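Asks: Below is a structure I'd like to ask you about.
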Amino acid sequence: MTDLKTIPKKIIWLASYPKSGNTWFRAFLTALLGEGDLNINAMKTDGIFSSRRIFDSSADLNSTFLYDREVKNMLPDIYRCQARNFERDRLFIKVHDAYTLNANGAPIIPEEPSLCAVYFIRNPLDVACSFAGHNGGTIDEAIELMNNENGYLAKQPGNRNVNNQFAQLMLSWSGHVKSWNKNLPFPVLVLRYEDMLADTKAVFTRAVLFMKIDATEEQIDKAIAETKFEKLQQQEGKTGFAEKNRNSKQFFRKGISGDWVNELTPLQVKMIVDKHQEVMHRYGYLAVHAS
Ligand code: A3P
């Protein structure tokens, strides 16, 4: 990698702990920026940070032969190259990794190509229910991962890179939120899933302005209407959804907030609140829990 100053700032990170509304927003962007009917299996965003395909083709390497530490050391350069090589003026990259440093002491998310990030957050009590459904696992397993300070997504067997995605260090749910919401070298807009549900138009319009996308009110309204939960769920029923975990029944499961009341036991609520109360309080989730 040569002159860092010539790298165009064009990556918009769509960052979240899993099950916080990321796919909904990517569907909205697809409807907003694309033409014709929305196809959930052809999202117009630009892949996921942990993609082996992006890494292997950009580095011209087979990452099966690399240690995870080596991959994480190379990732900043991979995304500098992505920004330099793509002609479009914006790249939307989804990311579930926490914002952490690699073994070289550099942030895995490089500063130079980063225009900004949108960070999606959802009440962890609802995340636990959604995550369990997504993984086809139990709620206790989801809580265990969310409470694990060293929690990984897609941990590879024997720490070798054999899956489509690299292992992603997410930290705990609170650790993830904090990592993306400290002083980062680019602007971060936080969107609460609950606010997306309560006033979709206001929240998505704020995001469109933040990302400096040219769009009329009419275009925003149309994209919101096309990506209503029922429509996405219906489409999944007809065509399936490539991003559905093979262990889950459906991706577009309930699309509501507060259903943890019906799904969690008092002990499960306590396990989450005890661990995450500081961050829950900061984002207005403890009041919901107390009411
Ligand atoms: P549930 O499992 O509670 O239904 P992510 O994309 O970050 O993994 O988040 C997935 C969650 O967002 C799922 O929650 C999913 O149903 C919900 N979701 C997806 N599209 C939605 C929409 N248009 N409106 C509301 N919720 C939506």
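By order of appearance in the structure tokens: chains A, B, ..., then residues from 1 within every chain, and ligands from 1 in the order shown.
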Go through range 180-284 of chain A and flag each residue having an atom no more than 10 Å from range 22-28 of chain A; for those, report the closest pair of atoms plus their distance in Å to one decimal, using only C-alpha atoms, ordered by chain and rising number, as a tab-separated table.
Replies:
```
residue	atom	partner	partner_atom	distance
A:Leu191	CA	A:Asn22	CA	10.0
A:Tyr193	CA	A:Asn22	CA	9.0
A:Met196	CA	A:Phe25	CA	9.2
A:Phe204	CA	A:Phe25	CA	8.2
A:Ala207	CA	A:Phe25	CA	9.7
A:Ile220	CA	A:Phe28	CA	8.6
A:Lys222	CA	A:Phe28	CA	9.4
A:Ala223	CA	A:Phe28	CA	5.6
A:Ile224	CA	A:Phe28	CA	6.2
A:Ala225	CA	A:Phe28	CA	9.0
A:Glu226	CA	A:Phe28	CA	7.8
A:Thr227	CA	A:Phe28	CA	5.9
A:Lys228	CA	A:Trp24	CA	8.5
A:Phe229	CA	A:Trp24	CA	8.1
A:Leu232	CA	A:Trp24	CA	8.7
A:Glu243	CA	A:Thr23	CA	9.3
A:Phe251	CA	A:Thr23	CA	9.7
A:Phe252	CA	A:Trp24	CA	9.4
A:Gly255	CA	A:Trp24	CA	9.6
```
Asks: Could you pull out the strand (DSSP E or B) residues of range 22-113 of chain A from DSSP and send them as a ChimeraX atom specification?
Replies: /A:48,51,91-95,101,107
Asks: Which neighbours of Arg160 in chain A fall inside 10 Å, counting only C-alpha atoms, when residues of the same chain fewer than 5 positions from it are skipped, and could you give them as a list of chain:residue names?
Replies: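 Selected residues are A:Ser63, A:Thr64, A:Phe65, A:Leu66, A:Tyr67, A:Asp68, A:Lys155, A:Phe166, A:Ala167.
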Asks: Go ahead and compute the interatomic distance for CA of Ser248 in chain A and CA of Met280 in chain A, in Å to one decimal.
Replies: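 Distance between the two atoms: 27.2 Å.
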Asks: For Asn181 in chain A, work out the shell of residues within 10 Å, counting only C-alpha atoms and skipping chain neighbours fewer than 5 positions away, then give it as number ranges by chain.
Replies: A: 99, 119, 175-176, 187-190
Asks: So that I can check the surroundings of Arg282 in chain A, please list as a list in words every protein, DNA and RNA residue that reaches within 12 Å of it, counting only C-alpha atoms and ignoring chain neighbours fewer than 4 positions away.
Replies: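 In the requested format, the answer is Ile121, Asn123, Ser174, Val177, Lys178, Asn181, Arg192, His276, Gln277, Glu278, Leu286 and Ala287 of chain A.
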Asks: Write the residues of the preceding selection, restricted to N, CA, C and O atoms, as a PDB file, in the first residue's frame.
Replies:
```pdb
ATOM      1  N   ILE A 121     -28.682  -0.377  16.653  1.00  0.00           N
ATOM      2  CA  ILE A 121     -28.726  -0.942  18.005  1.00  0.00           C
ATOM      3  C   ILE A 121     -30.174  -1.339  18.322  1.00  0.00           C
ATOM      4  O   ILE A 121     -31.116  -0.691  17.852  1.00  0.00           O
ATOM      5  N   ASN A 123     -32.723  -3.269  21.561  1.00  0.00           N
ATOM      6  CA  ASN A 123     -32.817  -3.744  22.945  1.00  0.00           C
ATOM      7  C   ASN A 123     -32.251  -5.169  23.024  1.00  0.00           C
ATOM      8  O   ASN A 123     -32.749  -6.072  22.336  1.00  0.00           O
ATOM      9  N   SER A 174     -22.537  -5.431  24.990  1.00  0.00           N
ATOM     10  CA  SER A 174     -22.128  -4.079  25.436  1.00  0.00           C
ATOM     11  C   SER A 174     -20.787  -3.689  24.834  1.00  0.00           C
ATOM     12  O   SER A 174     -20.586  -2.537  24.428  1.00  0.00           O
ATOM     13  N   VAL A 177     -21.274  -2.469  21.294  1.00  0.00           N
ATOM     14  CA  VAL A 177     -21.860  -1.119  21.227  1.00  0.00           C
ATOM     15  C   VAL A 177     -20.792  -0.088  21.578  1.00  0.00           C
ATOM     16  O   VAL A 177     -20.602   0.911  20.858  1.00  0.00           O
ATOM     17  N   LYS A 178     -20.065  -0.343  22.664  1.00  0.00           N
ATOM     18  CA  LYS A 178     -19.063   0.649  23.105  1.00  0.00           C
ATOM     19  C   LYS A 178     -17.963   0.809  22.065  1.00  0.00           C
ATOM     20  O   LYS A 178     -17.457   1.904  21.840  1.00  0.00           O
ATOM     21  N   ASN A 181     -18.939   3.147  19.420  1.00  0.00           N
ATOM     22  CA  ASN A 181     -19.484   4.440  19.851  1.00  0.00           C
ATOM     23  C   ASN A 181     -18.540   5.185  20.779  1.00  0.00           C
ATOM     24  O   ASN A 181     -18.956   5.884  21.684  1.00  0.00           O
ATOM     25  N   ARG A 192     -31.615   3.425  16.487  1.00  0.00           N
ATOM     26  CA  ARG A 192     -32.229   2.391  17.331  1.00  0.00           C
ATOM     27  C   ARG A 192     -33.328   1.685  16.530  1.00  0.00           C
ATOM     28  O   ARG A 192     -34.168   2.342  15.912  1.00  0.00           O
ATOM     29  N   HIS A 276     -25.599  -5.929  31.165  1.00  0.00           N
ATOM     30  CA  HIS A 276     -25.573  -4.837  30.176  1.00  0.00           C
ATOM     31  C   HIS A 276     -26.267  -3.559  30.636  1.00  0.00           C
ATOM     32  O   HIS A 276     -26.533  -2.685  29.812  1.00  0.00           O
ATOM     33  N   GLN A 277     -26.519  -3.441  31.953  1.00  0.00           N
ATOM     34  CA  GLN A 277     -27.368  -2.313  32.368  1.00  0.00           C
ATOM     35  C   GLN A 277     -26.779  -0.957  32.042  1.00  0.00           C
ATOM     36  O   GLN A 277     -27.525  -0.030  31.683  1.00  0.00           O
ATOM     37  N   GLU A 278     -25.453  -0.831  32.098  1.00  0.00           N
ATOM     38  CA  GLU A 278     -24.871   0.492  31.832  1.00  0.00           C
ATOM     39  C   GLU A 278     -25.214   0.941  30.398  1.00  0.00           C
ATOM     40  O   GLU A 278     -25.714   2.054  30.176  1.00  0.00           O
ATOM     41  N   LEU A 286     -33.413   0.602  29.715  1.00  0.00           N
ATOM     42  CA  LEU A 286     -33.747   0.152  31.065  1.00  0.00           C
ATOM     43  C   LEU A 286     -35.133   0.607  31.460  1.00  0.00           C
ATOM     44  O   LEU A 286     -35.852  -0.111  32.152  1.00  0.00           O
ATOM     45  N   ALA A 287     -35.548   1.767  30.971  1.00  0.00           N
ATOM     46  CA  ALA A 287     -36.887   2.264  31.272  1.00  0.00           C
ATOM     47  C   ALA A 287     -37.923   1.293  30.729  1.00  0.00           C
ATOM     48  O   ALA A 287     -38.922   0.975  31.390  1.00  0.00           O
TER      49      ALA A 287
END
```
Asks: For Val203 in chain A, which residue among A:Lys5, A:Phe120, A:Ala142, A:Gly137 is the nearest when counting only C-alpha atoms?
Replies: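 Closest candidate: A:Phe120.
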